[in-house]
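A.B. asks: Structure in structure tokens, see below.
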Amino acid sequence: MSKSLVAIAAVILVTLLSSPASAKVRLGPLGGLFNFTRLFSTGGLQRARVARHHRSRNAALRSPDSRNSEARGPDIGSATDSGRQLSNPAQRAQIVAAAALAGWHGGRTANGWWRHSDGSYGWVGPLFWPFANYDVYDYAIRGDGTGFWDYGYPDIYAGIFAPYDRDDLASYVASGQPGRKQRGAPPLQQFCGEDSGNAGLPMDQIQKAVQPTEAQRAALDDLTNASVEAARMIRASCPTQTALTAPDRLAAMQRRIEAMIKAQATVQEPLGKLYQLLDDEQKARMNALAHGRRNNAPAQGCRVESSAALQWPADEIESTLRPNDTQRAALEALRRATIRAVEILTYECRPEEATTPLDRLDVVDRRLYAIQHALNLVSSALDDFYATLSDEQKGQFEAIGPKRTA
């Protein structure tokens, strides 16, 4: 895992240091600046490892309030530190933000219009929902929905009007191919659950909390195996090629969400069996893994903001495509489908209080099904609209997203 994260950081560093913005990337709501030069300069990694023994860095990473670590940016050292870093939503948001922007317009832009409220991004090149397992289990087990609840309509919108052009997307594919010129985008597999041993349920924390008896250990082993299988399912949904059209991007989103739904179903039953075997004290200790976390994230996280970047670009489509009456009717049906998608996802953004891991995993399941339902509605309407366009109009439609650099 450590090697994977170092690879991510190193590739991102090359991009940032070669850009006019040097090594700093502004992350908007995170309120901090990355300074990769300080960390990854010659000998920087080694000095970071040594210095870590002389400061209370680990306590800061474990703290639910990670503002200080956000300001410092990623600090990648040993495998233990890497796993702990990815278990922190704010740290993941920083890594995802840097990766999402590394391939966008050559990494020359400080932020992107498809950014989530926590500073991360739902799309990294052709990949939808990077570090999906971490986001799900942070909410289900640790009660922190910071990374989970931001996913919804803005990502569907970004799937329709992709922010990346062909060259941007090609950089993510080229980065994983030997002999190709590296532009700076990191290999996507490292955001898809390649580290299946770390990307599943936090079994070490669960075991430490419940302290299983011999009778419970078999159920714990079953849950561990299910977690590994769930991580494999999500890893298999990682795109192997770029999607260059809006229908193909939404199809990629559908495959990703479907894989996540199946993965959660794989974990749900063994988690329920283990939980039923626990006594009241063990259940209380397992529930306490979420104490002090941001349980109220849904109220803010998945609310669709009325930002200018997410407004339906009706005038731009009209002036660019000059649609005929048939196309205009199909476009209006697509617009109505997106409005319905917002309604579905806003309604499902208000779950009842969930106090146990089983309750929160049920909430995760309902949210994923809501995203799937909204996505299917929009995808069907988009397919109908796309079928009315000429090849030239399709190219013009695809160019709308990359032009939106606000």
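Chain lettering (A, B, ...) mirrors the order of the structure tokens, residue numbering begins at 1 for each chain separately, and ligand numbering begins at 1 in order of display.
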Identify, on the basis of only C-alpha atoms, every residue whose closest approach to A:Lys273 does not exceed 12 Å; exclude the query and any residue fewer than 5 positions from it along the same chain; express the result as a ChimeraX atom specification.

C.D. replies: /A:216-223,267-268,278,358

A.B. asks: Export, as a tab-separated table (two decimals), in the first residue's frame, the selected residues with C-alpha atoms.

C.D. replies:
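The resulting file, again.tsv, is reproduced below:
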```tsv
chain	number	residue	atom	x	y	z
A	216	GLN	CA	-17.55	-15.26	17.75
A	217	ARG	CA	-14.23	-15.63	15.96
A	218	ALA	CA	-15.65	-17.68	13.09
A	219	ALA	CA	-18.22	-14.98	12.38
A	220	LEU	CA	-15.44	-12.39	12.44
A	221	ASP	CA	-13.45	-14.47	9.94
A	222	ASP	CA	-16.51	-14.69	7.67
A	223	LEU	CA	-16.86	-10.91	7.80
A	267	VAL	CA	-20.84	-7.53	3.63
A	268	GLN	CA	-24.30	-6.92	5.09
A	278	LEU	CA	-22.18	-9.82	20.43
A	358	LEU	CA	-25.99	-2.16	10.62
```

A.B. asks: One number please: atom CA of A:Ala231 to atom CA of A:Ala215, in Å, one decimal.

C.D. replies: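 If I compute the distance from atom CA of A:Ala231 to atom CA of A:Ala215, I get 26.1 Å.
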
A.B. asks: Using only C-alpha atoms, which of A:Leu321, A:Ala251, A:Val124, A:Leu201 sits nearest A:Glu398?

C.D. replies: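 Looking at the shortest contact to A:Glu398, the residue is A:Leu321.
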
A.B. asks: So which residues touch A:Pro202 within 10 Å, counting only C-alpha atoms, skipping near sequence neighbours fewer than 5 positions away, as a ChimeraX atom specification?

C.D. replies: /A:87,134,137-138,141-142,197,207,224,227

A.B. asks: The selected residues should be written to file as a tab-separated table (two decimals), in the first residue's frame (atoms: N, CA and C atoms).

C.D. replies:
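Dumped everything to again_15.tsv:
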```tsv
chain	number	residue	atom	x	y	z
A	87	SER	N	-7.59	6.44	5.78
A	87	SER	CA	-8.77	6.27	6.61
A	87	SER	C	-9.31	7.61	7.10
A	134	TYR	N	-13.48	3.17	1.05
A	134	TYR	CA	-13.15	3.98	2.22
A	134	TYR	C	-14.31	4.88	2.60
A	137	TYR	N	-17.25	2.76	4.19
A	137	TYR	CA	-17.01	2.20	5.52
A	137	TYR	C	-16.68	3.26	6.56
A	138	ASP	N	-16.20	4.42	6.11
A	138	ASP	CA	-16.04	5.52	7.06
A	138	ASP	C	-17.39	5.89	7.66
A	141	ILE	N	-19.08	2.26	9.53
A	141	ILE	CA	-18.43	1.80	10.76
A	141	ILE	C	-18.02	2.95	11.66
A	142	ARG	N	-17.43	3.99	11.08
A	142	ARG	CA	-16.92	5.08	11.91
A	142	ARG	C	-17.92	6.23	12.06
A	197	GLY	N	-6.46	-5.15	0.68
A	197	GLY	CA	-6.24	-5.47	2.08
A	197	GLY	C	-6.53	-4.31	2.99
A	207	GLN	N	-12.09	-5.78	15.52
A	207	GLN	CA	-11.63	-6.85	16.41
A	207	GLN	C	-11.18	-6.29	17.75
A	224	THR	N	-14.44	-10.87	7.60
A	224	THR	CA	-13.17	-10.49	6.97
A	224	THR	C	-13.13	-10.95	5.52
A	227	SER	N	-15.42	-8.90	3.38
A	227	SER	CA	-14.86	-7.58	3.13
A	227	SER	C	-13.86	-7.60	1.99
```

A.B. asks: How many Å lie between atom CA of A:Asp150 and atom CA of A:Ser117, rounded to one decimal?

C.D. replies: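 So the two atoms, atom CA of A:Asp150 and atom CA of A:Ser117, lie 6.9 Å apart.
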
A.B. asks: Which of stretch 93-326 of chain A counts as strand (DSSP E or B) under DSSP, as a list in words please?

C.D. replies: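 Output for stretch 93-326 of chain A, strand (DSSP E or B) only: Arg115, Tyr121, Trp123, Val124, Leu127 and Phe128 of chain A.
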
A.B. asks: Using only C-alpha atoms, pick whichever of A:Leu345, A:Leu375, A:Ala314, A:Ala185 has the shortest atom-to-atom distance to A:Ile400.

C.D. replies: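 Checking each candidate against A:Ile400, we get A:Ala314 as the closest.
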
A.B. asks: For A:Phe385, list every protein, DNA or RNA residue within 6 Å, evaluated using only C-alpha atoms, and leave out those in the same chain fewer than 3 positions away; present the list as a PDB file with C-alpha atoms, in the first residue's frame.

C.D. replies:
```
ATOM      1  CA  ALA A 330     -35.595  15.185 -26.521  1.00  0.00           C
ATOM      2  CA  LEU A 331     -33.405  17.774 -24.822  1.00  0.00           C
ATOM      3  CA  LEU A 382     -29.666  11.091 -22.497  1.00  0.00           C
ATOM      4  CA  THR A 388     -31.161  12.416 -32.448  1.00  0.00           C
TER       5      THR A 388
END
```

A.B. asks: When you count only C-alpha atoms, which of these residues is closest to A:Arg235: A:Thr326, A:Asn133, A:Gln264, A:Thr320?

C.D. replies: A:Asn133

A.B. asks: Given only C-alpha atoms as the basis, pick out the residue of A:Ile206, A:Ala263, A:Met286, A:Ala354 nearest to A:Val136.

C.D. replies: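 Of A:Ile206, A:Ala263, A:Met286, A:Ala354, the one nearest A:Val136, counting only C-alpha atoms, is A:Ala263.
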
A.B. asks: Considering only C-alpha atoms, return as a PyMOL selection string whatever protein or nucleic-acid residues lie within 10 Å of A:Asp248, sequence-local ones (same chain, fewer than 4 positions apart) excluded.

C.D. replies: chain A and resi 159-160+242-244+252-254+379+383

A.B. asks: For the residues selected in the previous step, produce a file with N, CA and C atoms as a short mmCIF file (atom, residue, chain, number, x, y, z; two decimals), in the first residue's frame.

C.D. replies:
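To be explicit, this is the file written out as part-v1.cif:
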```cif
data_model
loop_
_atom_site.label_atom_id
_atom_site.label_comp_id
_atom_site.auth_asym_id
_atom_site.auth_seq_id
_atom_site.Cartn_x
_atom_site.Cartn_y
_atom_site.Cartn_z
N GLY A 159 -21.01 13.87 -15.35
CA GLY A 159 -20.96 12.78 -16.32
C GLY A 159 -21.55 13.19 -17.66
N ILE A 160 -22.57 14.05 -17.62
CA ILE A 160 -23.16 14.54 -18.87
C ILE A 160 -22.23 15.54 -19.54
N THR A 242 -11.00 4.84 -21.42
CA THR A 242 -11.71 6.09 -21.21
C THR A 242 -13.03 6.10 -21.94
N ALA A 243 -14.02 6.75 -21.34
CA ALA A 243 -15.33 6.94 -21.98
C ALA A 243 -15.36 8.35 -22.55
N LEU A 244 -15.53 8.47 -23.85
CA LEU A 244 -15.40 9.76 -24.53
C LEU A 244 -16.73 10.42 -24.85
N ALA A 252 -20.62 4.05 -17.39
CA ALA A 252 -19.53 3.72 -16.46
C ALA A 252 -19.95 3.99 -15.02
N MET A 253 -20.69 5.08 -14.80
CA MET A 253 -21.22 5.37 -13.47
C MET A 253 -22.17 4.26 -13.01
N GLN A 254 -23.02 3.81 -13.92
CA GLN A 254 -23.98 2.75 -13.58
C GLN A 254 -23.25 1.48 -13.17
N SER A 379 -29.84 8.62 -17.64
CA SER A 379 -29.14 7.89 -18.70
C SER A 379 -30.09 7.53 -19.84
N ASP A 383 -29.66 8.94 -23.63
CA ASP A 383 -29.55 8.06 -24.80
C ASP A 383 -30.52 8.48 -25.89
#
```
